[in-house]
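Let me begin by presenting the structure, written as structure tokens, before commenting on it.
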Amino acid sequence: MKKLKKVWQENSVLFVLLFILIACLIAISVVVITYFVGDSSSKYGDRLDGIENYPFEEDTQNEIISQIEENEIVEEATIRVSGKVIYVTITFVPATTLVEGQSIALASLDYFSEETLSFYDLEYMIQAEDTEDAEGFQLIGAKNVSGTGGIVWNNNTPFEEEEEEVSEE
């Protein structure tokens, strides 16, 4: 007991500092675990609260796909739902122009209910293969819940740069 008392008297400052260090490490660990790991079982956290009030059933998806595929220039259409985003992929026959593809995608918004459009974001991927007569395309567009009602298309068309002739004087 005397040895223990002697060690304590000689190193009491070190023991107090060690205790403070351990307490700080425990506090930091608790904060890191609760902040970064969280306690949510869903990968979306609370972003999907209320999604059960806006069901987008597979029957509805199949109905929309069949309505899109009724058009003779549509080769295939698919719908995939991930969280609050509906991904619509439309593949057109090879001779389809970009304007025709965009107009069919825009017309497909009418197939979705107002309830669905007020809760889900829509992402469109339209594509057509190249032919000898027509140039193919692959384009992505989006319609957000808070958007104006139309689809906003990206502009990733590659442009060939023309070389300017430099005249020597």
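Labels used: A, B, ... for chains in the order of the structure tokens, numbers from 1 for residues in each chain, and numbers from 1 for ligands as shown.
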
Counting only C-alpha atoms, what is within 10 Å of A:Val85, bar same-chain residues fewer than 4 positions away, as number ranges by chain?
A: 80-81, 119-123, 142-145

Could the residues in this selection be written to a file with N, CA, C and O atoms, as a JSON list (two decimals), in the first residue's frame?
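Written output follows (result12.json):
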[["chain", "number", "residue", "atom", "x", "y", "z"],
["A", 80, "ARG", "N", -37.26, 3.30, -63.67],
["A", 80, "ARG", "CA", -36.63, 2.82, -62.43],
["A", 80, "ARG", "C", -36.81, 3.90, -61.38],
["A", 80, "ARG", "O", -36.62, 5.08, -61.65],
["A", 81, "VAL", "N", -37.19, 3.49, -60.16],
["A", 81, "VAL", "CA", -37.40, 4.45, -59.07],
["A", 81, "VAL", "C", -36.32, 4.24, -58.03],
["A", 81, "VAL", "O", -36.05, 3.11, -57.60],
["A", 119, "PHE", "N", -44.26, 15.20, -56.10],
["A", 119, "PHE", "CA", -43.40, 14.62, -55.07],
["A", 119, "PHE", "C", -42.07, 14.10, -55.62],
["A", 119, "PHE", "O", -41.04, 14.23, -54.98],
["A", 120, "TYR", "N", -42.09, 13.51, -56.81],
["A", 120, "TYR", "CA", -40.90, 12.88, -57.38],
["A", 120, "TYR", "C", -40.22, 13.79, -58.41],
["A", 120, "TYR", "O", -40.88, 14.49, -59.16],
["A", 121, "ASP", "N", -38.89, 13.74, -58.46],
["A", 121, "ASP", "CA", -38.13, 14.35, -59.55],
["A", 121, "ASP", "C", -38.05, 13.32, -60.67],
["A", 121, "ASP", "O", -38.00, 12.12, -60.43],
["A", 122, "LEU", "N", -38.02, 13.79, -61.91],
["A", 122, "LEU", "CA", -37.92, 12.90, -63.06],
["A", 122, "LEU", "C", -36.59, 13.13, -63.77],
["A", 122, "LEU", "O", -36.20, 14.28, -63.98],
["A", 123, "GLU", "N", -35.92, 12.06, -64.12],
["A", 123, "GLU", "CA", -34.68, 12.12, -64.91],
["A", 123, "GLU", "C", -34.92, 11.34, -66.19],
["A", 123, "GLU", "O", -35.30, 10.17, -66.16],
["A", 142, "ALA", "N", -34.00, 16.64, -67.10],
["A", 142, "ALA", "CA", -34.54, 16.52, -65.75],
["A", 142, "ALA", "C", -35.75, 17.42, -65.58],
["A", 142, "ALA", "O", -35.84, 18.49, -66.20],
["A", 143, "LYS", "N", -36.68, 16.97, -64.76],
["A", 143, "LYS", "CA", -37.83, 17.77, -64.35],
["A", 143, "LYS", "C", -37.91, 17.69, -62.83],
["A", 143, "LYS", "O", -38.13, 16.63, -62.27],
["A", 144, "ASN", "N", -37.66, 18.80, -62.18],
["A", 144, "ASN", "CA", -37.68, 18.84, -60.72],
["A", 144, "ASN", "C", -39.08, 19.15, -60.21],
["A", 144, "ASN", "O", -39.89, 19.73, -60.91],
["A", 145, "VAL", "N", -39.32, 18.79, -58.97],
["A", 145, "VAL", "CA", -40.62, 19.06, -58.34],
["A", 145, "VAL", "C", -40.89, 20.56, -58.35],
["A", 145, "VAL", "O", -42.00, 21.00, -58.65]]

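Counting only C-alpha atoms, A:Glu114 has the following residues at most 12 Å away, ignoring those fewer than 3 positions along the same chain: Tyr54, Phe56, Leu109, Asp110, Tyr111, Leu117, Ser118, Phe119, Tyr120, Val145 and Gly149 of chain A.
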
Could those residues be written to a file, using N, CA and C atoms, as a PDB file, in the first residue's frame?
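Contents of the output file again39.pdb:
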ATOM      1  N   TYR A  54     -47.262   8.888 -51.258  1.00  0.00           N
ATOM      2  CA  TYR A  54     -47.183   9.075 -52.701  1.00  0.00           C
ATOM      3  C   TYR A  54     -46.680   7.794 -53.358  1.00  0.00           C
ATOM      4  N   PHE A  56     -45.861   4.950 -55.993  1.00  0.00           N
ATOM      5  CA  PHE A  56     -45.675   4.858 -57.438  1.00  0.00           C
ATOM      6  C   PHE A  56     -45.513   3.380 -57.747  1.00  0.00           C
ATOM      7  N   LEU A 109     -44.805  13.354 -69.888  1.00  0.00           N
ATOM      8  CA  LEU A 109     -45.122  13.958 -68.588  1.00  0.00           C
ATOM      9  C   LEU A 109     -46.622  13.888 -68.316  1.00  0.00           C
ATOM     10  N   ASP A 110     -47.430  13.886 -69.371  1.00  0.00           N
ATOM     11  CA  ASP A 110     -48.890  13.815 -69.199  1.00  0.00           C
ATOM     12  C   ASP A 110     -49.342  12.474 -68.637  1.00  0.00           C
ATOM     13  N   TYR A 111     -48.522  11.447 -68.772  1.00  0.00           N
ATOM     14  CA  TYR A 111     -48.892  10.110 -68.286  1.00  0.00           C
ATOM     15  C   TYR A 111     -48.726   9.982 -66.771  1.00  0.00           C
ATOM     16  N   LEU A 117     -46.025  13.900 -59.849  1.00  0.00           N
ATOM     17  CA  LEU A 117     -45.160  14.995 -60.290  1.00  0.00           C
ATOM     18  C   LEU A 117     -44.891  16.002 -59.174  1.00  0.00           C
ATOM     19  N   SER A 118     -45.774  16.068 -58.185  1.00  0.00           N
ATOM     20  CA  SER A 118     -45.574  17.023 -57.090  1.00  0.00           C
ATOM     21  C   SER A 118     -44.629  16.490 -56.006  1.00  0.00           C
ATOM     22  N   PHE A 119     -44.259  15.198 -56.101  1.00  0.00           N
ATOM     23  CA  PHE A 119     -43.398  14.624 -55.067  1.00  0.00           C
ATOM     24  C   PHE A 119     -42.069  14.095 -55.618  1.00  0.00           C
ATOM     25  N   TYR A 120     -42.091  13.512 -56.815  1.00  0.00           N
ATOM     26  CA  TYR A 120     -40.899  12.882 -57.379  1.00  0.00           C
ATOM     27  C   TYR A 120     -40.223  13.786 -58.412  1.00  0.00           C
ATOM     28  N   VAL A 145     -39.322  18.791 -58.966  1.00  0.00           N
ATOM     29  CA  VAL A 145     -40.615  19.064 -58.343  1.00  0.00           C
ATOM     30  C   VAL A 145     -40.892  20.560 -58.347  1.00  0.00           C
ATOM     31  N   GLY A 149     -42.284  23.009 -65.021  1.00  0.00           N
ATOM     32  CA  GLY A 149     -43.249  22.134 -65.667  1.00  0.00           C
ATOM     33  C   GLY A 149     -42.675  21.400 -66.850  1.00  0.00           C
TER      34      GLY A 149
END

Neighbours of A:Trp153 within 8 Å (only C-alpha atoms; same-chain residues fewer than 3 positions away dropped), as a PyMOL selection string?
chain A and resi 139-142

Which is closest to A:Tyr87 among A:Ser103, A:Gln61, A:Asn71, A:Gln9, if we use only C-alpha atoms?
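Nearest to A:Tyr87: A:Gln61.
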
Please return as a ChimeraX atom specification: the residues of chain A that backbone DSSP assigns to strand (DSSP E or B).
/A:74-82,85-92,121-128,137-143,152-153

Shell of 10 Å around A:Gly83, only C-alpha atoms, local chain residues under 6 positions omitted, as a PyMOL selection string
chain A and resi 43-44+47-48+51+120-121

Produce a file of the selected residues containing N, CA and C atoms, as a compact mmCIF listing (two decimals), in the first residue's frame.
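Done, and the output landed in result.txt:
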# COMPACT_ATOMS: atom_id res chain seq x y z
N LYS A 43 -30.47 4.59 -46.14
CA LYS A 43 -29.36 5.34 -46.72
C LYS A 43 -29.78 6.76 -47.08
N TYR A 44 -31.09 7.03 -47.13
CA TYR A 44 -31.59 8.36 -47.45
C TYR A 44 -31.84 9.23 -46.23
N ARG A 47 -34.87 12.05 -45.71
CA ARG A 47 -35.28 12.71 -46.96
C ARG A 47 -36.52 12.06 -47.57
N LEU A 48 -36.82 10.82 -47.21
CA LEU A 48 -37.96 10.12 -47.79
C LEU A 48 -39.18 10.13 -46.88
N ILE A 51 -43.00 9.45 -48.11
CA ILE A 51 -43.06 8.79 -49.41
C ILE A 51 -44.19 7.76 -49.48
N TYR A 120 -42.09 13.51 -56.81
CA TYR A 120 -40.90 12.88 -57.38
C TYR A 120 -40.22 13.79 -58.41
N ASP A 121 -38.89 13.74 -58.46
CA ASP A 121 -38.13 14.35 -59.55
C ASP A 121 -38.05 13.32 -60.67

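Between atom CA of A:Glu75 and atom CA of A:Ala95 there is a distance of 11.2 Å.
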
Kindly give the distance, in Å, that separates atom CA of A:Lys3 and atom CA of A:Leu21, rounded to a single decimal.
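Computing the Euclidean distance for atom CA of A:Lys3 and atom CA of A:Leu21 yields 24.9 Å.
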